[in-house]
Amino acid sequence: MSRLRQRVAERLVMSQQTNAILTTFNEVNMKPVMDLRAKYKDRFEKEHGIKLGFMGFFVKAVVAALKKYPIVNASVDGNDIVYHGYFDVGVAVGSPRGLVVPVIRNADQLSLAEIEKQIADFGKRARRAS
């Protein structure tokens with residue numbers, strides 16, 4: 001097993017041991033986001049040098065949800081609930097060696113363009129690492 005796969009396996013086991021595991025399905029009307037993206041994608045790319053994807057919108061939505069429901073951004077330490085004042089969001093990125101989940105640190109402090117640039121950089125690094 002490669003070092004990357006070993007590390008992924010270790011983190012998955014640690015995650016299962018320390019986090020509540022659940023699955024949820026929600027339907028969302030993406031038409032407003034799709035329309036907004038279609039309207040501004042060329043201008044966005046020209047101004048910021050990066051394509052306007054959907055993941056940036058998802059990250060921004062996650063941050064808004066975590067601010068509204070801070071218990072979701074908390075962890076348990078013994079008998080205490082620890083609320084975190086930071087908003088780090090993991091983004092799944094495919095690579096030839098498998099799926100990796102780099103973390104966008106302090107996503108609440110980043111612009112949409114900065115988030116999209118980080119996601120693109122994660123993708124490039126994941127492909128190069130193979």
# chains A, B, ... in the order shown; residues from 1 in each chain; ligands from 1

$ residues_around --residues "segment 21-34 of chain A" --least-positions-apart "5" --cutoff "12 Å" --atoms "only C-alpha atoms" --output "PyMOL selection string"
chain A and resi 12-16+39-41+52-58+60-61

$ residues_around --residues "Ala92 of chain A" --least-positions-apart "6" --cutoff "8 Å" --atoms "only C-alpha atoms" --output "ChimeraX atom specification"
/A:99-102

$ select_by_dssp --residues "chain A" --states "helix (DSSP H, G or I)" --output "PyMOL selection string"
chain A and resi 3-18+31-48+55-68+70-73+107-109+112-128

$ write_last_selection --atoms "C-alpha atoms" --output "PDB file, in the first residue's frame"
ATOM      1  CA  ARG A   3       2.132   6.024   1.787  1.00  0.00           C
ATOM      2  CA  LEU A   4      -0.794   8.115   0.564  1.00  0.00           C
ATOM      3  CA  ARG A   5      -3.219   5.195   0.871  1.00  0.00           C
ATOM      4  CA  GLN A   6      -1.839   4.338   4.323  1.00  0.00           C
ATOM      5  CA  ARG A   7      -2.378   7.928   5.454  1.00  0.00           C
ATOM      6  CA  VAL A   8      -5.910   8.004   4.020  1.00  0.00           C
ATOM      7  CA  ALA A   9      -6.713   4.722   5.782  1.00  0.00           C
ATOM      8  CA  GLU A  10      -5.336   6.018   9.097  1.00  0.00           C
ATOM      9  CA  ARG A  11      -7.402   9.191   8.853  1.00  0.00           C
ATOM     10  CA  LEU A  12     -10.561   7.308   7.916  1.00  0.00           C
ATOM     11  CA  VAL A  13     -10.192   5.043  10.943  1.00  0.00           C
ATOM     12  CA  MET A  14      -9.490   8.050  13.185  1.00  0.00           C
ATOM     13  CA  SER A  15     -12.507   9.862  11.743  1.00  0.00           C
ATOM     14  CA  GLN A  16     -14.775   6.879  12.378  1.00  0.00           C
ATOM     15  CA  GLN A  17     -13.542   6.641  15.950  1.00  0.00           C
ATOM     16  CA  THR A  18     -13.905  10.337  16.769  1.00  0.00           C
ATOM     17  CA  LYS A  31     -30.980  27.034 -10.897  1.00  0.00           C
ATOM     18  CA  PRO A  32     -30.207  30.420  -9.276  1.00  0.00           C
ATOM     19  CA  VAL A  33     -26.545  29.430  -8.811  1.00  0.00           C
ATOM     20  CA  MET A  34     -26.368  27.986 -12.324  1.00  0.00           C
ATOM     21  CA  ASP A  35     -27.849  31.189 -13.757  1.00  0.00           C
ATOM     22  CA  LEU A  36     -25.467  33.356 -11.732  1.00  0.00           C
ATOM     23  CA  ARG A  37     -22.489  31.277 -12.828  1.00  0.00           C
ATOM     24  CA  ALA A  38     -23.540  31.381 -16.486  1.00  0.00           C
ATOM     25  CA  LYS A  39     -23.968  35.151 -16.319  1.00  0.00           C
ATOM     26  CA  TYR A  40     -20.634  35.930 -14.658  1.00  0.00           C
ATOM     27  CA  LYS A  41     -18.266  33.054 -15.526  1.00  0.00           C
ATOM     28  CA  ASP A  42     -16.432  34.854 -18.352  1.00  0.00           C
ATOM     29  CA  ARG A  43     -16.092  38.090 -16.379  1.00  0.00           C
ATOM     30  CA  PHE A  44     -15.003  36.181 -13.263  1.00  0.00           C
ATOM     31  CA  GLU A  45     -12.290  34.299 -15.158  1.00  0.00           C
ATOM     32  CA  LYS A  46     -11.047  37.494 -16.800  1.00  0.00           C
ATOM     33  CA  GLU A  47     -10.881  39.371 -13.475  1.00  0.00           C
ATOM     34  CA  HIS A  48      -9.490  36.590 -11.280  1.00  0.00           C
ATOM     35  CA  MET A  55     -17.503  24.192  -5.418  1.00  0.00           C
ATOM     36  CA  GLY A  56     -16.843  27.776  -4.369  1.00  0.00           C
ATOM     37  CA  PHE A  57     -20.580  28.315  -3.983  1.00  0.00           C
ATOM     38  CA  PHE A  58     -20.862  25.094  -1.960  1.00  0.00           C
ATOM     39  CA  VAL A  59     -18.021  26.145   0.353  1.00  0.00           C
ATOM     40  CA  LYS A  60     -19.637  29.557   0.908  1.00  0.00           C
ATOM     41  CA  ALA A  61     -22.971  27.829   1.664  1.00  0.00           C
ATOM     42  CA  VAL A  62     -21.281  25.452   4.121  1.00  0.00           C
ATOM     43  CA  VAL A  63     -19.695  28.379   5.965  1.00  0.00           C
ATOM     44  CA  ALA A  64     -23.065  30.164   6.175  1.00  0.00           C
ATOM     45  CA  ALA A  65     -24.696  26.990   7.535  1.00  0.00           C
ATOM     46  CA  LEU A  66     -21.927  26.449  10.103  1.00  0.00           C
ATOM     47  CA  LYS A  67     -22.332  30.022  11.323  1.00  0.00           C
ATOM     48  CA  LYS A  68     -26.088  29.581  11.616  1.00  0.00           C
ATOM     49  CA  PRO A  70     -22.526  26.275  15.318  1.00  0.00           C
ATOM     50  CA  ILE A  71     -23.190  22.906  16.972  1.00  0.00           C
ATOM     51  CA  VAL A  72     -22.392  21.292  13.607  1.00  0.00           C
ATOM     52  CA  ASN A  73     -18.936  22.892  13.776  1.00  0.00           C
ATOM     53  CA  ALA A 107     -12.931  29.586   4.494  1.00  0.00           C
ATOM     54  CA  ASP A 108     -15.060  32.293   6.088  1.00  0.00           C
ATOM     55  CA  GLN A 109     -12.273  34.803   5.484  1.00  0.00           C
ATOM     56  CA  LEU A 112     -15.137  33.245  -3.828  1.00  0.00           C
ATOM     57  CA  ALA A 113     -12.119  33.768  -6.115  1.00  0.00           C
ATOM     58  CA  GLU A 114      -9.668  32.764  -3.366  1.00  0.00           C
ATOM     59  CA  ILE A 115     -11.673  29.612  -2.665  1.00  0.00           C
ATOM     60  CA  GLU A 116     -11.791  28.679  -6.357  1.00  0.00           C
ATOM     61  CA  LYS A 117      -8.016  29.251  -6.642  1.00  0.00           C
ATOM     62  CA  GLN A 118      -7.330  26.981  -3.673  1.00  0.00           C
ATOM     63  CA  ILE A 119      -9.566  24.254  -5.091  1.00  0.00           C
ATOM     64  CA  ALA A 120      -7.820  24.478  -8.481  1.00  0.00           C
ATOM     65  CA  ASP A 121      -4.421  24.357  -6.754  1.00  0.00           C
ATOM     66  CA  PHE A 122      -5.474  21.298  -4.738  1.00  0.00           C
ATOM     67  CA  GLY A 123      -6.506  19.573  -7.977  1.00  0.00           C
ATOM     68  CA  LYS A 124      -3.186  20.367  -9.683  1.00  0.00           C
ATOM     69  CA  ARG A 125      -1.166  19.147  -6.713  1.00  0.00           C
ATOM     70  CA  ALA A 126      -3.234  15.953  -6.436  1.00  0.00           C
ATOM     71  CA  ARG A 127      -2.631  15.159 -10.111  1.00  0.00           C
ATOM     72  CA  ARG A 128       1.109  15.922  -9.830  1.00  0.00           C
TER      73      ARG A 128
END

$ select_by_dssp --residues "chain A" --states "strand (DSSP E or B)" --output "list in words"
Ala74, Ser75, Val76, Asp77, Asp80, Ile81, Val82, Tyr83, Val89, Gly90, Val93, Gly94, Ser95, Gly98, Leu99, Val100, Val103 and Ile104 of chain A

$ atom_distance --atom1 "atom CA of Gly94 of chain A" --atom2 "atom CA of Ala129 of chain A"
11.4 Å

$ atom_distance --atom1 "atom CA of Ile81 of chain A" --atom2 "atom CA of Asn106 of chain A"
20.6 Å

$ residues_around --residues "Val76 of chain A" --least-positions-apart "6" --cutoff "9 Å" --atoms "only C-alpha atoms" --output "NGL selection string"
:A and (18-19 or 82-83)

$ write_last_selection --atoms "C-alpha atoms" --output "JSON list (two decimals), in the first residue's frame"
[["chain", "number", "residue", "atom", "x", "y", "z"],
["A", 18, "THR", "CA", -13.90, 10.34, 16.77],
["A", 19, "ASN", "CA", -16.84, 11.64, 14.70],
["A", 82, "VAL", "CA", -16.12, 22.44, 22.13],
["A", 83, "TYR", "CA", -17.36, 25.09, 19.71]]

$ atom_distance --atom1 "atom CA of Phe87 of chain A" --atom2 "atom CA of Ile104 of chain A"
8.5 Å
